[in-house]
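Data first, discussion second: the structure below is written as structure tokens.
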2 protein chains.
Amino acid sequence: MVTGSDPLVGDANTHDDKSGMPRQTRRSLPISLLRARESVMAKFRPMLARHDMNEQQWRVIRILGESGELDASELAERALVLSPSLTRMLKSLKVRKLIALRKDKNDGRRTLISITPTGKDLINEISPESAQLYRDLEKAFGHDEMERLLDMLEAVSKV
Amino acid sequence: MVTGSDPLVGDANTHDDKSGMPRQTRRSLPISLLRARESVMAKFRPMLARHDMNEQQWRVIRILGESGELDASELAERALVLSPSLTRMLKSLKVRKLIALRKDKNDGRRTLISITPTGKDLINEISPESAQLYRDLEKAFGHDEMERLLDMLEAVSKV
DNA sequence: GGTATTTCATTAACATGTTAAATAGATTGC
DNA sequence: GCAATCTATTTAACATGTTAATGAAATACC
């Protein structure tokens, strides 16, 4: 885990953005996005771990709960997981009986993935805890600020 | 790579945020942060790859260029890399002579890491390309919007 | 209809993410 | 001074990230 939040960072060089030098990492968008994500996920990971879930598995399970049966490509894209990672994850999720796999009869290349009742039960276990953590976060950050941030992040994703 | 940006996502369920169900993934902060990051990094990764660099290595090298010699813990925290990952990365960066390692004489537990002239040369090669990509991004997203987004991300990191 | 091309999923190989344990050097308390 | 404790780093083990290659099925083209 990255601990984050180093209050005083008296860097030697605080130059302005001149030609060649790289942007200060503190004002780099990719790094700021990563830092924010780490900070937020640090609040959720311990809860997920108590349910033997990691972030990626939780994303996959949720997407399936939201959208129903999907093929692997669709699921990978929506869950922001790469196909090779998804292939490996599906094995362990299947062993835990959280998902079910079947072949598409109309297109033999496709694997169709759906959530099982056991998987839905797990979602129903985790969701209230997740929602509570999210409410805490929204309370600390501000509801309207949160909405604005989500809008801006959506806009960045489309640039 | 995640392709991202699926323009029309006709989800079956677009319910409001009632008690138990998890927030729609499209409005989840962790997922939105991840999606935005993927979208941005997709623009930078090919350029870094041409210099045989991945994101993590680029972060580590930049931090060292900014801050000078650091011990492993400081470097890991600032570069948002976990200590075990950093340990492995330092080996390959040392083989490429981009960094130099030495033991702290006052505290035998600490490893001090610094950038080499070769490492500085690499930063000077990559920086102009990175800066150009960043300018493109800022132009597309808007300078003021970008500044506001960075401020909000910093605020989220401190919640 | 048969070949070339494209597409979906998986496998391979190596890097990083993540948690826990091990190692070794510093610090504390007596 | 020494045992107990704490701290910085590394190692271990397994999961996911990433790119390239493979295998198999669908589609395009003629």
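In the structure tokens, chains take the letters A, B, ... in the order shown, each chain's residues start at 1, and ligands count up from 1 in the order shown.
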Can I have chain B aligned to chain A? Use a least-squares fit on all Cα atoms paired in order and write it out as a PDB file with C-alpha atoms, in the first residue's frame.
```pdb
ATOM      1  CA  MET B   1      -0.253  -0.013  -0.160  1.00  0.00           C
ATOM      2  CA  VAL B   2       0.855   3.489  -0.878  1.00  0.00           C
ATOM      3  CA  THR B   3       0.348   5.620   2.192  1.00  0.00           C
ATOM      4  CA  GLY B   4      -0.100   8.884   0.290  1.00  0.00           C
ATOM      5  CA  SER B   5      -0.673  12.354   1.751  1.00  0.00           C
ATOM      6  CA  ASP B   6       2.695  13.828   2.558  1.00  0.00           C
ATOM      7  CA  PRO B   7       1.653  17.178   3.997  1.00  0.00           C
ATOM      8  CA  LEU B   8       4.806  19.180   3.489  1.00  0.00           C
ATOM      9  CA  VAL B   9       6.787  18.437   0.385  1.00  0.00           C
ATOM     10  CA  GLY B  10       9.540  21.019   0.307  1.00  0.00           C
ATOM     11  CA  ASP B  11      10.791  20.205  -3.147  1.00  0.00           C
ATOM     12  CA  ALA B  12      14.078  21.731  -4.123  1.00  0.00           C
ATOM     13  CA  ASN B  13      12.822  22.955  -7.494  1.00  0.00           C
ATOM     14  CA  THR B  14       9.487  24.682  -7.898  1.00  0.00           C
ATOM     15  CA  HIS B  15      10.151  26.155 -11.307  1.00  0.00           C
ATOM     16  CA  ASP B  16       7.373  27.217 -13.644  1.00  0.00           C
ATOM     17  CA  ASP B  17       6.519  25.207 -16.715  1.00  0.00           C
ATOM     18  CA  LYS B  18       9.244  26.212 -19.099  1.00  0.00           C
ATOM     19  CA  SER B  19       9.958  24.480 -22.370  1.00  0.00           C
ATOM     20  CA  GLY B  20      11.804  21.214 -21.861  1.00  0.00           C
ATOM     21  CA  MET B  21      11.521  20.133 -18.277  1.00  0.00           C
ATOM     22  CA  PRO B  22       8.743  17.738 -17.377  1.00  0.00           C
ATOM     23  CA  ARG B  23       5.759  19.047 -15.514  1.00  0.00           C
ATOM     24  CA  GLN B  24       6.112  18.801 -11.761  1.00  0.00           C
ATOM     25  CA  THR B  25       4.732  15.419 -10.857  1.00  0.00           C
ATOM     26  CA  ARG B  26       2.413  17.063  -8.359  1.00  0.00           C
ATOM     27  CA  ARG B  27       0.544  18.769 -11.202  1.00  0.00           C
ATOM     28  CA  SER B  28       0.640  15.899 -13.649  1.00  0.00           C
ATOM     29  CA  LEU B  29      -2.834  14.671 -14.573  1.00  0.00           C
ATOM     30  CA  PRO B  30      -1.957  10.961 -14.819  1.00  0.00           C
ATOM     31  CA  ILE B  31      -0.193  11.042 -11.477  1.00  0.00           C
ATOM     32  CA  SER B  32      -2.936  13.078  -9.840  1.00  0.00           C
ATOM     33  CA  LEU B  33      -5.513  10.605 -11.110  1.00  0.00           C
ATOM     34  CA  LEU B  34      -3.458   7.741  -9.727  1.00  0.00           C
ATOM     35  CA  ARG B  35      -2.952   9.418  -6.379  1.00  0.00           C
ATOM     36  CA  ALA B  36      -6.644  10.203  -6.033  1.00  0.00           C
ATOM     37  CA  ARG B  37      -7.528   6.650  -6.942  1.00  0.00           C
ATOM     38  CA  GLU B  38      -5.092   5.212  -4.408  1.00  0.00           C
ATOM     39  CA  SER B  39      -6.492   7.479  -1.740  1.00  0.00           C
ATOM     40  CA  VAL B  40     -10.073   6.442  -2.443  1.00  0.00           C
ATOM     41  CA  MET B  41      -9.395   2.736  -2.896  1.00  0.00           C
ATOM     42  CA  ALA B  42      -7.497   2.630   0.397  1.00  0.00           C
ATOM     43  CA  LYS B  43     -10.883   3.110   2.037  1.00  0.00           C
ATOM     44  CA  PHE B  44     -12.554   0.304   0.085  1.00  0.00           C
ATOM     45  CA  ARG B  45      -9.880  -2.378  -0.139  1.00  0.00           C
ATOM     46  CA  PRO B  46      -9.995  -3.602   3.467  1.00  0.00           C
ATOM     47  CA  MET B  47     -13.753  -4.072   3.209  1.00  0.00           C
ATOM     48  CA  LEU B  48     -13.457  -5.964  -0.064  1.00  0.00           C
ATOM     49  CA  ALA B  49     -10.650  -8.081   1.373  1.00  0.00           C
ATOM     50  CA  ARG B  50     -12.948  -9.229   4.165  1.00  0.00           C
ATOM     51  CA  HIS B  51     -15.107 -10.718   1.413  1.00  0.00           C
ATOM     52  CA  ASP B  52     -12.100 -12.243  -0.389  1.00  0.00           C
ATOM     53  CA  MET B  53     -12.470  -9.803  -3.248  1.00  0.00           C
ATOM     54  CA  ASN B  54     -10.024  -7.524  -4.956  1.00  0.00           C
ATOM     55  CA  GLU B  55     -10.959  -4.399  -6.887  1.00  0.00           C
ATOM     56  CA  GLN B  56     -10.921  -6.075 -10.254  1.00  0.00           C
ATOM     57  CA  GLN B  57     -13.111  -8.964  -9.201  1.00  0.00           C
ATOM     58  CA  TRP B  58     -15.557  -6.541  -7.613  1.00  0.00           C
ATOM     59  CA  ARG B  59     -15.760  -4.557 -10.828  1.00  0.00           C
ATOM     60  CA  VAL B  60     -16.398  -7.672 -12.898  1.00  0.00           C
ATOM     61  CA  ILE B  61     -19.064  -9.006 -10.561  1.00  0.00           C
ATOM     62  CA  ARG B  62     -20.838  -5.653 -10.346  1.00  0.00           C
ATOM     63  CA  ILE B  63     -20.904  -5.210 -14.110  1.00  0.00           C
ATOM     64  CA  LEU B  64     -22.425  -8.652 -14.502  1.00  0.00           C
ATOM     65  CA  GLY B  65     -24.984  -7.836 -11.830  1.00  0.00           C
ATOM     66  CA  GLU B  66     -25.895  -4.627 -13.638  1.00  0.00           C
ATOM     67  CA  SER B  67     -25.897  -5.835 -17.200  1.00  0.00           C
ATOM     68  CA  GLY B  68     -26.653  -9.535 -17.144  1.00  0.00           C
ATOM     69  CA  GLU B  69     -24.962 -11.965 -19.509  1.00  0.00           C
ATOM     70  CA  LEU B  70     -22.086 -10.505 -21.525  1.00  0.00           C
ATOM     71  CA  ASP B  71     -19.393 -11.857 -23.787  1.00  0.00           C
ATOM     72  CA  ALA B  72     -15.805 -11.598 -22.642  1.00  0.00           C
ATOM     73  CA  SER B  73     -14.903  -8.599 -24.783  1.00  0.00           C
ATOM     74  CA  GLU B  74     -17.847  -6.533 -23.587  1.00  0.00           C
ATOM     75  CA  LEU B  75     -17.204  -7.473 -19.993  1.00  0.00           C
ATOM     76  CA  ALA B  76     -13.512  -6.662 -20.224  1.00  0.00           C
ATOM     77  CA  GLU B  77     -14.207  -3.263 -21.749  1.00  0.00           C
ATOM     78  CA  ARG B  78     -16.854  -2.315 -19.230  1.00  0.00           C
ATOM     79  CA  ALA B  79     -14.915  -3.576 -16.210  1.00  0.00           C
ATOM     80  CA  LEU B  80     -11.727  -1.899 -17.423  1.00  0.00           C
ATOM     81  CA  VAL B  81      -9.806  -5.155 -17.350  1.00  0.00           C
ATOM     82  CA  LEU B  82      -7.647  -6.487 -20.160  1.00  0.00           C
ATOM     83  CA  SER B  83      -8.771  -9.649 -21.908  1.00  0.00           C
ATOM     84  CA  PRO B  84      -5.872 -11.804 -20.733  1.00  0.00           C
ATOM     85  CA  SER B  85      -6.491 -10.712 -17.150  1.00  0.00           C
ATOM     86  CA  LEU B  86     -10.176 -11.430 -17.489  1.00  0.00           C
ATOM     87  CA  THR B  87      -9.503 -14.930 -18.808  1.00  0.00           C
ATOM     88  CA  ARG B  88      -7.523 -15.715 -15.659  1.00  0.00           C
ATOM     89  CA  MET B  89     -10.029 -14.070 -13.348  1.00  0.00           C
ATOM     90  CA  LEU B  90     -12.941 -16.004 -14.834  1.00  0.00           C
ATOM     91  CA  LYS B  91     -11.309 -19.269 -13.834  1.00  0.00           C
ATOM     92  CA  SER B  92     -11.123 -18.390 -10.156  1.00  0.00           C
ATOM     93  CA  LEU B  93     -14.542 -16.736 -10.105  1.00  0.00           C
ATOM     94  CA  LYS B  94     -16.001 -19.857 -11.672  1.00  0.00           C
ATOM     95  CA  VAL B  95     -14.333 -22.082  -9.064  1.00  0.00           C
ATOM     96  CA  ARG B  96     -16.019 -19.943  -6.408  1.00  0.00           C
ATOM     97  CA  LYS B  97     -19.293 -20.390  -8.313  1.00  0.00           C
ATOM     98  CA  LEU B  98     -19.806 -16.640  -8.521  1.00  0.00           C
ATOM     99  CA  ILE B  99     -20.175 -16.739 -12.299  1.00  0.00           C
ATOM    100  CA  ALA B 100     -21.261 -19.186 -14.984  1.00  0.00           C
ATOM    101  CA  LEU B 101     -19.770 -19.594 -18.466  1.00  0.00           C
ATOM    102  CA  ARG B 102     -21.271 -20.941 -21.664  1.00  0.00           C
ATOM    103  CA  LYS B 103     -20.454 -20.899 -25.334  1.00  0.00           C
ATOM    104  CA  ASP B 104     -22.434 -18.694 -27.705  1.00  0.00           C
ATOM    105  CA  LYS B 105     -24.330 -21.107 -29.962  1.00  0.00           C
ATOM    106  CA  ASN B 106     -24.473 -18.612 -32.824  1.00  0.00           C
ATOM    107  CA  ASP B 107     -20.793 -17.705 -32.625  1.00  0.00           C
ATOM    108  CA  GLY B 108     -18.493 -20.430 -31.382  1.00  0.00           C
ATOM    109  CA  ARG B 109     -15.718 -17.963 -30.673  1.00  0.00           C
ATOM    110  CA  ARG B 110     -17.613 -16.157 -27.972  1.00  0.00           C
ATOM    111  CA  THR B 111     -17.763 -17.016 -24.286  1.00  0.00           C
ATOM    112  CA  LEU B 112     -20.876 -15.749 -22.527  1.00  0.00           C
ATOM    113  CA  ILE B 113     -20.512 -14.910 -18.865  1.00  0.00           C
ATOM    114  CA  SER B 114     -23.280 -14.464 -16.315  1.00  0.00           C
ATOM    115  CA  ILE B 115     -23.575 -14.063 -12.583  1.00  0.00           C
ATOM    116  CA  THR B 116     -24.893 -16.906 -10.423  1.00  0.00           C
ATOM    117  CA  PRO B 117     -27.284 -16.674  -7.462  1.00  0.00           C
ATOM    118  CA  THR B 118     -24.223 -17.099  -5.242  1.00  0.00           C
ATOM    119  CA  GLY B 119     -22.656 -14.151  -7.004  1.00  0.00           C
ATOM    120  CA  LYS B 120     -25.776 -12.066  -6.482  1.00  0.00           C
ATOM    121  CA  ASP B 121     -25.733 -12.966  -2.812  1.00  0.00           C
ATOM    122  CA  LEU B 122     -22.180 -11.692  -2.564  1.00  0.00           C
ATOM    123  CA  ILE B 123     -23.147  -8.424  -4.242  1.00  0.00           C
ATOM    124  CA  ASN B 124     -25.974  -8.058  -1.776  1.00  0.00           C
ATOM    125  CA  GLU B 125     -23.581  -8.623   1.102  1.00  0.00           C
ATOM    126  CA  ILE B 126     -20.981  -6.142  -0.069  1.00  0.00           C
ATOM    127  CA  SER B 127     -23.231  -3.417  -1.447  1.00  0.00           C
ATOM    128  CA  PRO B 128     -24.472  -1.970   1.844  1.00  0.00           C
ATOM    129  CA  GLU B 129     -20.937  -1.677   3.193  1.00  0.00           C
ATOM    130  CA  SER B 130     -19.724  -0.164  -0.039  1.00  0.00           C
ATOM    131  CA  ALA B 131     -22.621   2.287  -0.078  1.00  0.00           C
ATOM    132  CA  GLN B 132     -21.832   3.370   3.466  1.00  0.00           C
ATOM    133  CA  LEU B 133     -18.191   4.019   2.631  1.00  0.00           C
ATOM    134  CA  TYR B 134     -19.287   5.946  -0.415  1.00  0.00           C
ATOM    135  CA  ARG B 135     -21.655   8.068   1.653  1.00  0.00           C
ATOM    136  CA  ASP B 136     -18.810   8.835   4.069  1.00  0.00           C
ATOM    137  CA  LEU B 137     -16.652   9.860   1.145  1.00  0.00           C
ATOM    138  CA  GLU B 138     -19.379  12.016  -0.360  1.00  0.00           C
ATOM    139  CA  LYS B 139     -20.022  13.653   2.974  1.00  0.00           C
ATOM    140  CA  ALA B 140     -16.341  14.486   3.426  1.00  0.00           C
ATOM    141  CA  PHE B 141     -15.846  15.727  -0.115  1.00  0.00           C
ATOM    142  CA  GLY B 142     -19.222  17.289  -0.718  1.00  0.00           C
ATOM    143  CA  HIS B 143     -22.078  15.963  -2.825  1.00  0.00           C
ATOM    144  CA  ASP B 144     -22.036  18.718  -5.416  1.00  0.00           C
ATOM    145  CA  GLU B 145     -18.261  18.647  -5.643  1.00  0.00           C
ATOM    146  CA  MET B 146     -18.436  14.922  -6.226  1.00  0.00           C
ATOM    147  CA  GLU B 147     -20.953  15.344  -9.025  1.00  0.00           C
ATOM    148  CA  ARG B 148     -18.809  17.989 -10.678  1.00  0.00           C
ATOM    149  CA  LEU B 149     -15.734  15.824 -10.366  1.00  0.00           C
ATOM    150  CA  LEU B 150     -17.510  12.867 -11.951  1.00  0.00           C
ATOM    151  CA  ASP B 151     -18.627  15.082 -14.820  1.00  0.00           C
ATOM    152  CA  MET B 152     -15.093  16.321 -15.377  1.00  0.00           C
ATOM    153  CA  LEU B 153     -13.662  12.823 -15.279  1.00  0.00           C
ATOM    154  CA  GLU B 154     -16.209  11.722 -17.842  1.00  0.00           C
ATOM    155  CA  ALA B 155     -15.172  14.632 -20.031  1.00  0.00           C
ATOM    156  CA  VAL B 156     -11.487  13.713 -19.703  1.00  0.00           C
ATOM    157  CA  SER B 157     -12.265  10.149 -20.725  1.00  0.00           C
ATOM    158  CA  LYS B 158     -13.719  11.436 -23.981  1.00  0.00           C
ATOM    159  CA  VAL B 159     -10.908  13.822 -24.921  1.00  0.00           C
TER     160      VAL B 159
END
```
Report the closest atom pair, with its distance in Å rounded to one decimal, for each residue of chain D that has an atom no farther than 10 Å from chain A; count only C-alpha atoms (C1' of nucleotides), sort by chain and then rising residue number, and write it as a Markdown table.
```
| residue | atom | partner | partner_atom | distance |
| --- | --- | --- | --- | --- |
| D:DA15 | C1' | A:Met89 | CA | 8.7 |
| D:DT16 | C1' | A:Ser85 | CA | 6.1 |
| D:DG17 | C1' | A:Ser85 | CA | 7.6 |
| D:DT18 | C1' | A:Leu82 | CA | 8.5 |
| D:DA24 | C1' | A:Arg109 | CA | 7.2 |
| D:DA25 | C1' | A:Arg109 | CA | 5.4 |
| D:DA26 | C1' | A:Asp107 | CA | 7.3 |
```
Going by DSSP on the backbone, which bits of chain A are strand (DSSP E or B)? Write them as a compact mmCIF listing (two decimals) with C-alpha atoms, in the first residue's frame, please.
```txt
# COMPACT_ATOMS: atom_id res chain seq x y z
CA LEU A 70 -22.06 -10.49 -21.56
CA ASP A 71 -19.35 -11.86 -23.80
CA ILE A 99 -20.22 -16.75 -12.32
CA ALA A 100 -21.30 -19.21 -15.02
CA LEU A 101 -19.79 -19.61 -18.50
CA ARG A 102 -21.28 -20.95 -21.71
CA LYS A 103 -20.46 -20.92 -25.39
CA THR A 111 -17.74 -17.01 -24.30
CA LEU A 112 -20.86 -15.76 -22.56
CA ILE A 113 -20.51 -14.92 -18.88
CA SER A 114 -23.29 -14.46 -16.35
CA ILE A 115 -23.59 -14.06 -12.62
```
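Separating atom C1' of D:DA8 from atom C1' of C:DT27 is a distance of 13.2 Å.
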Please report as a compact mmCIF listing (two decimals) with N, CA and C atoms (P, O5', C5', C4', C3', O3' and C1' of nucleotides), in the first residue's frame which residues of chain C come no farther than 8 Å from chain A, using only C-alpha atoms (C1' of nucleotides).
```txt
# COMPACT_ATOMS: atom_id res chain seq x y z
P DC C 8 -14.59 -9.26 -32.22
O5' DC C 8 -14.33 -10.60 -31.38
C5' DC C 8 -15.24 -11.69 -31.52
C4' DC C 8 -14.77 -12.83 -30.64
C3' DC C 8 -14.42 -12.41 -29.21
O3' DC C 8 -15.12 -13.25 -28.31
C1' DC C 8 -12.59 -13.58 -30.22
P DA C 9 -15.09 -12.99 -26.73
O5' DA C 9 -13.92 -13.98 -26.29
C5' DA C 9 -14.09 -15.36 -26.58
C4' DA C 9 -12.78 -16.09 -26.40
C3' DA C 9 -12.15 -15.94 -25.02
O3' DA C 9 -12.31 -17.18 -24.34
C1' DA C 9 -10.54 -15.83 -26.80
P DT C 10 -11.65 -17.35 -22.85
O5' DT C 10 -10.17 -17.86 -23.17
C5' DT C 10 -10.02 -18.98 -24.02
C4' DT C 10 -8.55 -19.20 -24.34
C3' DT C 10 -7.64 -19.34 -23.12
O3' DT C 10 -7.09 -20.64 -23.15
C1' DT C 10 -6.69 -17.93 -24.79
P DT C 18 -2.26 -2.23 -5.75
O5' DT C 18 -1.99 -3.46 -4.80
C5' DT C 18 -2.75 -4.65 -4.98
C4' DT C 18 -2.35 -5.68 -3.94
C3' DT C 18 -2.04 -5.11 -2.55
O3' DT C 18 -3.07 -5.52 -1.68
C1' DT C 18 -0.49 -6.80 -3.19
```
Counting only C-alpha atoms (C1' of nucleotides), what is within 12 Å of D:DC6, bar same-chain residues fewer than 5 positions away, as number ranges by chain? C: 25-28
Could those residues be written to a file, using N, CA and C atoms (P, O5', C5', C4', C3', O3' and C1' of nucleotides), as a compact mmCIF listing (two decimals), in the first residue's frame?
```
# COMPACT_ATOMS: atom_id res chain seq x y z
P DG C 25 23.31 -6.05 9.06
O5' DG C 25 23.08 -4.55 9.52
C5' DG C 25 22.57 -3.61 8.59
C4' DG C 25 21.69 -2.61 9.30
C3' DG C 25 22.36 -1.94 10.50
O3' DG C 25 22.24 -0.54 10.35
C1' DG C 25 20.23 -2.79 11.11
P DA C 26 22.83 0.43 11.46
O5' DA C 26 21.55 0.78 12.30
C5' DA C 26 20.89 1.97 11.99
C4' DA C 26 19.64 2.15 12.81
C3' DA C 26 19.84 2.90 14.12
O3' DA C 26 18.95 3.99 14.14
C1' DA C 26 18.65 0.88 14.50
P DT C 27 19.13 5.15 15.21
O5' DT C 27 18.10 4.76 16.38
C5' DT C 27 16.85 4.22 16.02
C4' DT C 27 16.09 3.77 17.26
C3' DT C 27 16.42 4.53 18.55
O3' DT C 27 15.20 5.03 19.07
C1' DT C 27 16.48 2.18 18.90
P DT C 28 15.19 5.88 20.44
O5' DT C 28 14.59 4.84 21.49
C5' DT C 28 13.51 4.01 21.08
C4' DT C 28 13.17 3.04 22.20
C3' DT C 28 13.29 3.63 23.61
O3' DT C 28 12.11 3.30 24.34
C1' DT C 28 14.56 1.64 23.45
```
Interatomic distance (Å, one decimal) between atom C1' of C:DT16 and atom C1' of D:DT22: 24.8 Å
What is the distance between atom C1' of C:DT7 and atom C1' of D:DC30, in Å to one decimal? 21.0 Å
Could you pull out the residues in chain A that DSSP calls alpha helix (DSSP H) from the backbone, as a VMD selection string? chain A and resid 29 to 50 55 to 67 72 to 79 83 to 95 117 to 141 143 to 158
May I have the selected residues written with C-alpha atoms, as a short mmCIF file (atom, residue, chain, number, x, y, z; two decimals), in the first residue's frame?
```cif
data_model
loop_
_atom_site.label_atom_id
_atom_site.label_comp_id
_atom_site.auth_asym_id
_atom_site.auth_seq_id
_atom_site.Cartn_x
_atom_site.Cartn_y
_atom_site.Cartn_z
CA LEU A 29 -2.83 14.66 -14.50
CA PRO A 30 -1.96 10.95 -14.76
CA ILE A 31 -0.19 11.04 -11.41
CA SER A 32 -2.94 13.07 -9.77
CA LEU A 33 -5.51 10.59 -11.04
CA LEU A 34 -3.48 7.72 -9.66
CA ARG A 35 -2.96 9.40 -6.31
CA ALA A 36 -6.66 10.19 -5.97
CA ARG A 37 -7.54 6.63 -6.88
CA GLU A 38 -5.12 5.20 -4.34
CA SER A 39 -6.52 7.46 -1.68
CA VAL A 40 -10.10 6.42 -2.41
CA MET A 41 -9.41 2.71 -2.85
CA ALA A 42 -7.53 2.60 0.43
CA LYS A 43 -10.93 3.08 2.08
CA PHE A 44 -12.59 0.27 0.12
CA ARG A 45 -9.93 -2.40 -0.10
CA PRO A 46 -10.06 -3.64 3.52
CA MET A 47 -13.83 -4.10 3.23
CA LEU A 48 -13.51 -6.01 -0.05
CA ALA A 49 -10.71 -8.12 1.40
CA ARG A 50 -13.02 -9.27 4.19
CA GLU A 55 -10.99 -4.42 -6.86
CA GLN A 56 -10.94 -6.10 -10.23
CA GLN A 57 -13.14 -8.99 -9.18
CA TRP A 58 -15.59 -6.57 -7.60
CA ARG A 59 -15.79 -4.56 -10.82
CA VAL A 60 -16.42 -7.69 -12.90
CA ILE A 61 -19.09 -9.02 -10.57
CA ARG A 62 -20.87 -5.68 -10.38
CA ILE A 63 -20.92 -5.22 -14.14
CA LEU A 64 -22.44 -8.66 -14.54
CA GLY A 65 -25.01 -7.84 -11.89
CA GLU A 66 -25.90 -4.62 -13.69
CA SER A 67 -25.90 -5.83 -17.25
CA ALA A 72 -15.76 -11.59 -22.64
CA SER A 73 -14.85 -8.59 -24.77
CA GLU A 74 -17.80 -6.53 -23.61
CA LEU A 75 -17.19 -7.48 -20.01
CA ALA A 76 -13.49 -6.68 -20.21
CA GLU A 77 -14.16 -3.27 -21.74
CA ARG A 78 -16.84 -2.32 -19.24
CA ALA A 79 -14.91 -3.59 -16.21
CA SER A 83 -8.74 -9.68 -21.85
CA PRO A 84 -5.85 -11.83 -20.67
CA SER A 85 -6.48 -10.73 -17.09
CA LEU A 86 -10.17 -11.45 -17.46
CA THR A 87 -9.50 -14.96 -18.77
CA ARG A 88 -7.54 -15.73 -15.61
CA MET A 89 -10.05 -14.10 -13.32
CA LEU A 90 -12.96 -16.04 -14.81
CA LYS A 91 -11.33 -19.30 -13.80
CA SER A 92 -11.16 -18.41 -10.13
CA LEU A 93 -14.58 -16.75 -10.09
CA LYS A 94 -16.04 -19.88 -11.66
CA VAL A 95 -14.40 -22.12 -9.07
CA PRO A 117 -27.34 -16.68 -7.52
CA THR A 118 -24.28 -17.12 -5.29
CA GLY A 119 -22.71 -14.17 -7.05
CA LYS A 120 -25.81 -12.08 -6.53
CA ASP A 121 -25.80 -13.00 -2.85
CA LEU A 122 -22.23 -11.72 -2.59
CA ILE A 123 -23.19 -8.45 -4.26
CA ASN A 124 -26.03 -8.08 -1.80
CA GLU A 125 -23.63 -8.66 1.07
CA ILE A 126 -21.04 -6.18 -0.08
CA SER A 127 -23.27 -3.44 -1.45
CA PRO A 128 -24.52 -2.00 1.82
CA GLU A 129 -20.98 -1.71 3.20
CA SER A 130 -19.77 -0.21 -0.04
CA ALA A 131 -22.64 2.26 -0.09
CA GLN A 132 -21.86 3.34 3.46
CA LEU A 133 -18.22 3.98 2.63
CA TYR A 134 -19.32 5.91 -0.41
CA ARG A 135 -21.68 8.04 1.66
CA ASP A 136 -18.85 8.80 4.07
CA LEU A 137 -16.70 9.84 1.17
CA GLU A 138 -19.41 12.00 -0.34
CA LYS A 139 -20.05 13.63 2.99
CA ALA A 140 -16.37 14.46 3.45
CA PHE A 141 -15.88 15.72 -0.07
CA HIS A 143 -22.09 15.94 -2.81
CA ASP A 144 -22.06 18.70 -5.41
CA GLU A 145 -18.28 18.64 -5.62
CA MET A 146 -18.44 14.91 -6.20
CA GLU A 147 -20.94 15.32 -9.02
CA ARG A 148 -18.80 17.98 -10.65
CA LEU A 149 -15.72 15.81 -10.33
CA LEU A 150 -17.49 12.84 -11.92
CA ASP A 151 -18.61 15.07 -14.80
CA MET A 152 -15.07 16.32 -15.33
CA LEU A 153 -13.64 12.81 -15.23
CA GLU A 154 -16.18 11.72 -17.81
CA ALA A 155 -15.14 14.64 -19.99
CA VAL A 156 -11.45 13.72 -19.65
CA SER A 157 -12.23 10.16 -20.68
CA LYS A 158 -13.68 11.44 -23.92
#
```
